[in-house]
Amino acid sequence: MGLQALFFYMFAFVAVASAFMVIAARNPVYSVLFLIVTFFNAAGLFLLTGAEFLAMILLVVYVGAVAVLFLFVVMMLDIDFAALRSGLIEHAPVGALVGLVLAAELIIVVGGSTLAPEIASNAAHPIPPIAERTNTAALGDVLYTDYVYFFQIAGLVLLVAMIGAIVLTLRHREGIKRQDISAQVARTPATAVEVVKVKPGQGL
Amino acid sequence: MTAELLLASLQLSTPEVILALGAMALLMIGVFSGERSATTVTGLAVALLIIAGLMLVMKSPEGIAFGGAFVSDPFARFMKILTLIGSITALVMTVGHARSQQLDRFEFPVLIVLATLGMLLMISANDLLSLYLALELQSLALYVVAAINRDSVRSTEAGLKYFVLGALSSGMLLYGMSLVYGFTGHTNFEQIAAALSAEGRSLGLVFGLVFVLAGLAFKISAVPFHMWTPDVYEGAPTPVTAFFAAAPKVAAMAMLVRIVIDAFEPVVADWQQIIVFISIASMLLGSFAAIGQKNIKRLMAYSSIGHMGYALVGLAAGSMAGVRGVALYMLIYMVMTLGTFACILAMRRREGGNVESIDDLAGLSTTNPFMASVLTVMMFSLAGIPPLAGFFAKYFVFMAAIEADLYALAIIGVLSSVVGAYYYLRLVKVMWFDPATDEFARTPGELKLVFGLAGLFVAGYVLIGGPIGEAAEAAARTFF
């Protein structure tokens with residue numbers, strides 16, 4: 001219990017602190033990096049509750065794809081973040097008000113709702129006890145059996161998306177140096193170095 | 001799912017499995033043999049589609065596969081054969097235009113095969129989940145194909161417009177599906193129907209139904225979700241437009257028929273009024289908005305909106321005669337559309353390439369009497385003049401509407417087809433009575449074959465209509 005609580009407070013504290021730094025950091029690249037730290041700590045929180053599949057998906061999807069995409073956008077687009085942030089203090093009260101309303105709504109919804117007992121019995125695939133079967137294994141149980149058809153079509157949809165992206169954007173341009181491992185390995189001093197006799201006083 | 005169940009499911013979906021594996025094989029062939037392989041891959045893609053079609057014609061086992069997600073029945077078989085014919089013809093028609101429209105890349109036939117696979121899965125979808133996934137597979141491939149001529153501003157605009165509006169409609173469809181699932185507790189069509197007849201309908205379900213129908217109406221380009229059609233048809237390369245106008249419409253209509261007749265059968269009164277409204281609106285807009293068009297591809301876009309309205313007349317009847325009418329209508333519409341687009345593709349000047357204006361057809365009767373005659377037959381048939389095929393298509397759907405006591409719908413349909421006849425006949429007038437300006441280049445053989453066959457079918461429908469009608473009747477009997 002003690003160790004788990006220690007890790008919970010560590011993950012929670014770092015998550016909140018780095019989330020604050022996302023909006024407080026002056027350099028937008030730092031903001032994205034802090035966002036990645038937040039994702040890692042949220043994944044840690046998921047792990048503590050036993051949702052290991054969700055934790056890994058969070059890392060793969062959000063850190064691996066979304067945050068890197070953000071980083072690309074931030075680094076490639078010339079956006080003046082100082083100008084964007086200029087109204088921060090004036091608009092702070094409105095922002096705080098919206099935040100309060102959202103928090104109040106969350107408290108009302110979460111506090112007032114109960115899970116109807118019959119819902120669990122209606123489920124086509126009841127969740128097995130976590131001690132016996134991990135989330136990942138339980139998902140795999142149905143994903144590759146009952147839902148194999150949907151899984152395969154989803155795969156085809158992704159294939160089409162990939163073909164589409166290549167068809168519409170890839171252009172073969174001349175004069176681009178591409179990696180060619182065998183040619184690079186086969187380089188010898190004879191092919192790479194040219195010995196030139198320089199006449200004194202003339203240069204190349 | 002045990003191994004035997006999986007094997008049985010795969011047997012029921014053999015044509016689809018062949019198309020999926022074949023598309024991947026074609027992709028590999030294209031990737032490894034480089035840019036030059038476009039012609040080979042196109043040929044192989046046509047062969048693949050023909051094999052899938054032959055399998056459906058030869059033997060088609062019936063039953064439910066993949067735990068109720070996929071169904072193979074006579075209706076699915078009829079519609080799938082239609083879709084495959086549409087795709088094959090459209091692919092054959094691209095051959096002569098590949099270079100000028102930047103279609104000479106091996107990805108193009110692969111995308112067409114994958115889109116066709118999506119359509120077959122849509123027709124067989126028996127579950128909201130499989131319906132949505134199949135629809136996305138089809139739509140995503142179509143968005144890419146619309147923008148495939150990426151150096152042309154009009155083509156990329158068409159692709160982008162189609163993509164944005166398609167994403168919006170998918171959102172509406174998904175929202176509706178989530179409501180239907182929430183208020184019935186099921187995604188399977190039979191179970192939704194069972195839940196509806198046991199518990200009756202709730203307000204939430206009606207909301208869901210409206211959103212689902214709105215999303216599907218977008219896919220068949222019915223009014224008021226038709227706005228994308230003229231721009232996409234005009235902007236996309238003409239062979240792609242020919243493909244868009246035929247196969248996807250057939251598949252989307254089949255999907256609409258299955259979902260309303262199968263899943264929402266207990267709430268007929270609720271969906272019937274929606275179908276009646278979009279049917280009337282499509283027929284009227286299709287007739288009136290086409291009058292002012294100067295571009296023949298835009299004209300065909302409005303014509304297809306109108307024809308979707310006529311086909312929906314049969315669906316609104318909700319009876320076996322109505323479904324039979326829809327099946328026949330889609331068959332005849334597809335043949336007429338492919339024939340007309342073959343003529344449009346043949347409108348090519350010796351220098352300057354393809355032309356799309358109606359005035360370019362002036363004096364076609366003197367310069368190319370064969371094509372002028374075929375196009376005239378097509379126009380008369382699209383207008384619904386007996387004894388051509390288009391007349392029988394309209395006759396069967398209007399009769400079904402009258403049998404179901406939908407008199408107002410049938411009368412509005414007949415009147416709007418009179419208005420529609422004006423612009424079809426204007427085309428005939430331009431071809432036969434206006435002075436010729438310039439000759440078209442020699443028509444490629446494959447286009448001559450397509451519009452020749454379509455002309456024969458449309459003109460000779462009286463002779464061959466019997467067996468076709470029986471096949472459509474067998475298809476419609478699936479639901480009743």
# chains A, B, ... in the order shown; residues from 1 in each chain; ligands from 1
call {"tool": "interface_residues", "arguments": {"of": "chain A", "to": "chain B", "cutoff": "12 Å", "atoms": "only C-alpha atoms", "output": "NGL selection string"}}
result
:A and (119 or 122-124 or 141-172)
call {"tool": "residues_around", "arguments": {"residues": "region 429-440 of chain B", "least_positions_apart": "5", "cutoff": "8 Å", "atoms": "only C-alpha atoms", "output": "PyMOL selection string"}}
result
chain B and resi 346-350+358-367+372
call {"tool": "select_by_dssp", "arguments": {"residues": "region 43-144 of chain A", "states": "helix (DSSP H, G or I)", "output": "PyMOL selection string"}}
result
chain A and resi 43-48+52-76+81-84+88-112+117-122+135-143
call {"tool": "atom_distance", "arguments": {"atom1": "CA of Glu52 (chain A)", "atom2": "CA of Phe40 (chain A)"}}
result
12.7 Å
call {"tool": "select_by_dssp", "arguments": {"residues": "region 23-256 of chain B", "states": "strand (DSSP E or B)", "output": "number ranges by chain"}}
result
B: 63-65, 70-72, 125, 127, 188
call {"tool": "write_last_selection", "arguments": {"atoms": "N, CA and C atoms", "output": "CSV table (one decimal), in the first residue's frame"}}
result
chain,number,residue,atom,x,y,z
B,63,GLY,N,-26.5,-17.3,-46.3
B,63,GLY,CA,-26.4,-17.5,-44.8
B,63,GLY,C,-25.7,-16.2,-44.2
B,64,ILE,N,-25.5,-16.4,-42.9
B,64,ILE,CA,-25.0,-15.3,-42.1
B,64,ILE,C,-23.6,-15.6,-41.6
B,65,ALA,N,-22.7,-14.7,-41.7
B,65,ALA,CA,-21.3,-15.0,-41.4
B,65,ALA,C,-20.8,-14.1,-40.3
B,70,PHE,N,-22.2,-10.1,-41.3
B,70,PHE,CA,-22.1,-10.2,-42.8
B,70,PHE,C,-23.2,-11.1,-43.2
B,71,VAL,N,-24.0,-10.7,-44.3
B,71,VAL,CA,-25.0,-11.6,-44.7
B,71,VAL,C,-24.9,-11.8,-46.2
B,72,SER,N,-25.1,-13.0,-46.7
B,72,SER,CA,-25.1,-13.3,-48.1
B,72,SER,C,-26.5,-13.8,-48.5
B,125,ALA,N,-23.5,-5.8,-45.4
B,125,ALA,CA,-23.4,-5.4,-44.0
B,125,ALA,C,-24.8,-5.7,-43.3
B,127,ASP,N,-24.9,-5.3,-39.8
B,127,ASP,CA,-24.6,-4.8,-38.5
B,127,ASP,C,-24.2,-3.4,-38.7
B,188,ASN,N,-26.8,-5.3,-34.3
B,188,ASN,CA,-27.2,-6.2,-35.4
B,188,ASN,C,-28.6,-5.9,-35.9
call {"tool": "residues_around", "arguments": {"residues": "region 8-20 of chain A", "least_positions_apart": "4", "cutoff": "8 Å", "atoms": "only C-alpha atoms", "output": "ChimeraX atom specification"}}
result
/A:4,24,34-35,37-39,41-42,44-45,48
call {"tool": "write_last_selection", "arguments": {"atoms": "N, CA, C and O atoms", "output": "PDB file, in the first residue's frame"}}
result
ATOM      1  N   GLN A   4       2.627   1.905  -3.279  1.00  0.00           N
ATOM      2  CA  GLN A   4       1.682   2.313  -4.316  1.00  0.00           C
ATOM      3  C   GLN A   4       1.274   3.772  -4.117  1.00  0.00           C
ATOM      4  O   GLN A   4       1.207   4.538  -5.077  1.00  0.00           O
ATOM      5  N   ALA A  24       2.618  27.410 -19.148  1.00  0.00           N
ATOM      6  CA  ALA A  24       3.438  28.486 -18.598  1.00  0.00           C
ATOM      7  C   ALA A  24       4.764  28.656 -19.328  1.00  0.00           C
ATOM      8  O   ALA A  24       5.332  29.744 -19.302  1.00  0.00           O
ATOM      9  N   PHE A  34       6.927  19.229 -22.202  1.00  0.00           N
ATOM     10  CA  PHE A  34       6.214  19.062 -20.929  1.00  0.00           C
ATOM     11  C   PHE A  34       4.936  18.257 -21.119  1.00  0.00           C
ATOM     12  O   PHE A  34       4.544  17.473 -20.251  1.00  0.00           O
ATOM     13  N   LEU A  35       4.304  18.455 -22.290  1.00  0.00           N
ATOM     14  CA  LEU A  35       3.092  17.683 -22.594  1.00  0.00           C
ATOM     15  C   LEU A  35       3.425  16.198 -22.615  1.00  0.00           C
ATOM     16  O   LEU A  35       2.670  15.363 -22.092  1.00  0.00           O
ATOM     17  N   VAL A  37       5.805  14.754 -20.950  1.00  0.00           N
ATOM     18  CA  VAL A  37       5.990  14.332 -19.548  1.00  0.00           C
ATOM     19  C   VAL A  37       4.638  14.065 -18.903  1.00  0.00           C
ATOM     20  O   VAL A  37       4.455  13.066 -18.183  1.00  0.00           O
ATOM     21  N   THR A  38       3.657  14.942 -19.186  1.00  0.00           N
ATOM     22  CA  THR A  38       2.319  14.751 -18.627  1.00  0.00           C
ATOM     23  C   THR A  38       1.738  13.420 -19.072  1.00  0.00           C
ATOM     24  O   THR A  38       1.157  12.680 -18.272  1.00  0.00           O
ATOM     25  N   PHE A  39       1.895  13.122 -20.381  1.00  0.00           N
ATOM     26  CA  PHE A  39       1.358  11.856 -20.895  1.00  0.00           C
ATOM     27  C   PHE A  39       2.004  10.670 -20.184  1.00  0.00           C
ATOM     28  O   PHE A  39       1.329   9.715 -19.799  1.00  0.00           O
ATOM     29  N   ASN A  41       3.239  10.508 -17.197  1.00  0.00           N
ATOM     30  CA  ASN A  41       2.761  10.362 -15.827  1.00  0.00           C
ATOM     31  C   ASN A  41       1.323   9.877 -15.788  1.00  0.00           C
ATOM     32  O   ASN A  41       0.955   9.098 -14.908  1.00  0.00           O
ATOM     33  N   ALA A  42       0.514  10.332 -16.769  1.00  0.00           N
ATOM     34  CA  ALA A  42      -0.859   9.821 -16.829  1.00  0.00           C
ATOM     35  C   ALA A  42      -0.834   8.327 -17.106  1.00  0.00           C
ATOM     36  O   ALA A  42      -1.609   7.550 -16.524  1.00  0.00           O
ATOM     37  N   GLY A  44       1.464   6.331 -16.167  1.00  0.00           N
ATOM     38  CA  GLY A  44       1.829   5.718 -14.894  1.00  0.00           C
ATOM     39  C   GLY A  44       0.618   5.568 -13.991  1.00  0.00           C
ATOM     40  O   GLY A  44       0.436   4.524 -13.342  1.00  0.00           O
ATOM     41  N   LEU A  45      -0.249   6.581 -13.975  1.00  0.00           N
ATOM     42  CA  LEU A  45      -1.464   6.496 -13.153  1.00  0.00           C
ATOM     43  C   LEU A  45      -2.349   5.349 -13.629  1.00  0.00           C
ATOM     44  O   LEU A  45      -2.925   4.615 -12.823  1.00  0.00           O
ATOM     45  N   LEU A  48      -1.068   2.096 -12.388  1.00  0.00           N
ATOM     46  CA  LEU A  48      -1.351   1.853 -10.971  1.00  0.00           C
ATOM     47  C   LEU A  48      -2.750   1.289 -10.778  1.00  0.00           C
ATOM     48  O   LEU A  48      -2.979   0.494  -9.871  1.00  0.00           O
TER      49      LEU A  48
END
call {"tool": "residues_around", "arguments": {"residues": "Gly309 (chain B)", "least_positions_apart": "6", "cutoff": "8 Å", "atoms": "only C-alpha atoms", "output": "list in words"}}
result
Ala222, Ile278, Ser279, Ile280, Ala281, Ser282 and Met283 of chain B
call {"tool": "closest_residue", "arguments": {"among": "B:Gly200, B:Gly352, B:Pro224, B:Gly306", "to": "Phe264 (chain B)", "atoms": "only C-alpha atoms"}}
result
B:Gly200
call {"tool": "atom_distance", "arguments": {"atom1": "CA of Pro230 (chain B)", "atom2": "CA of Leu173 (chain B)"}}
result
22.2 Å
call {"tool": "decode", "arguments": {"residues": "region 57-77 of chain A", "atoms": "N, CA, C and O atoms", "output": "CSV table (one decimal), in the first residue's frame"}}
result
chain,number,residue,atom,x,y,z
A,57,ILE,N,-1.3,2.2,-24.8
A,57,ILE,CA,-1.9,2.9,-25.9
A,57,ILE,C,-1.7,4.4,-25.8
A,57,ILE,O,-1.4,5.1,-26.8
A,58,LEU,N,-1.8,4.9,-24.6
A,58,LEU,CA,-1.6,6.4,-24.4
A,58,LEU,C,-0.2,6.7,-24.8
A,58,LEU,O,0.0,7.7,-25.5
A,59,LEU,N,0.8,5.9,-24.5
A,59,LEU,CA,2.2,6.2,-24.9
A,59,LEU,C,2.3,6.1,-26.4
A,59,LEU,O,2.9,7.0,-27.0
A,60,VAL,N,1.8,5.0,-26.9
A,60,VAL,CA,2.0,4.7,-28.4
A,60,VAL,C,1.3,5.8,-29.2
A,60,VAL,O,1.9,6.4,-30.1
A,61,VAL,N,0.0,6.1,-28.9
A,61,VAL,CA,-0.7,7.0,-29.7
A,61,VAL,C,-0.3,8.5,-29.4
A,61,VAL,O,0.0,9.2,-30.3
A,62,TYR,N,-0.4,8.9,-28.1
A,62,TYR,CA,-0.2,10.3,-27.8
A,62,TYR,C,1.2,10.7,-27.9
A,62,TYR,O,1.6,11.7,-28.5
A,63,VAL,N,2.1,10.0,-27.2
A,63,VAL,CA,3.5,10.3,-27.3
A,63,VAL,C,4.1,10.0,-28.6
A,63,VAL,O,4.8,10.8,-29.3
A,64,GLY,N,3.8,8.8,-29.1
A,64,GLY,CA,4.5,8.4,-30.4
A,64,GLY,C,4.0,9.1,-31.6
A,64,GLY,O,4.8,9.4,-32.5
A,65,ALA,N,2.7,9.5,-31.6
A,65,ALA,CA,2.2,10.1,-32.8
A,65,ALA,C,1.8,11.6,-32.6
A,65,ALA,O,2.3,12.5,-33.3
A,66,VAL,N,0.9,11.8,-31.7
A,66,VAL,CA,0.3,13.1,-31.6
A,66,VAL,C,1.3,14.2,-31.1
A,66,VAL,O,1.4,15.2,-31.7
A,67,ALA,N,2.0,13.8,-30.1
A,67,ALA,CA,3.0,14.8,-29.5
A,67,ALA,C,4.1,15.1,-30.5
A,67,ALA,O,4.5,16.3,-30.7
A,68,VAL,N,4.5,14.1,-31.2
A,68,VAL,CA,5.6,14.3,-32.2
A,68,VAL,C,5.0,15.2,-33.4
A,68,VAL,O,5.7,16.0,-33.9
A,69,LEU,N,3.8,14.9,-33.7
A,69,LEU,CA,3.1,15.8,-34.7
A,69,LEU,C,3.1,17.2,-34.3
A,69,LEU,O,3.4,18.2,-35.0
A,70,PHE,N,2.7,17.4,-33.0
A,70,PHE,CA,2.7,18.8,-32.4
A,70,PHE,C,4.1,19.4,-32.6
A,70,PHE,O,4.2,20.6,-33.0
A,71,LEU,N,5.1,18.6,-32.2
A,71,LEU,CA,6.5,19.1,-32.3
A,71,LEU,C,6.8,19.6,-33.7
A,71,LEU,O,7.4,20.6,-33.9
A,72,PHE,N,6.4,18.8,-34.7
A,72,PHE,CA,6.7,19.1,-36.1
A,72,PHE,C,6.0,20.4,-36.4
A,72,PHE,O,6.6,21.3,-37.0
A,73,VAL,N,4.8,20.6,-36.0
A,73,VAL,CA,4.0,21.7,-36.3
A,73,VAL,C,4.6,23.0,-35.7
A,73,VAL,O,4.8,24.0,-36.3
A,74,VAL,N,5.0,22.8,-34.4
A,74,VAL,CA,5.5,24.0,-33.7
A,74,VAL,C,6.9,24.4,-34.3
A,74,VAL,O,7.1,25.6,-34.4
A,75,MET,N,7.7,23.4,-34.7
A,75,MET,CA,9.0,23.7,-35.2
A,75,MET,C,8.9,24.2,-36.7
A,75,MET,O,9.8,25.0,-37.1
A,76,MET,N,7.9,23.8,-37.4
A,76,MET,CA,7.9,24.1,-38.8
A,76,MET,C,7.1,25.4,-39.1
A,76,MET,O,7.4,26.1,-40.1
A,77,LEU,N,6.1,25.7,-38.3
A,77,LEU,CA,5.3,26.9,-38.6
A,77,LEU,C,5.9,28.0,-37.9
A,77,LEU,O,6.3,27.9,-36.7
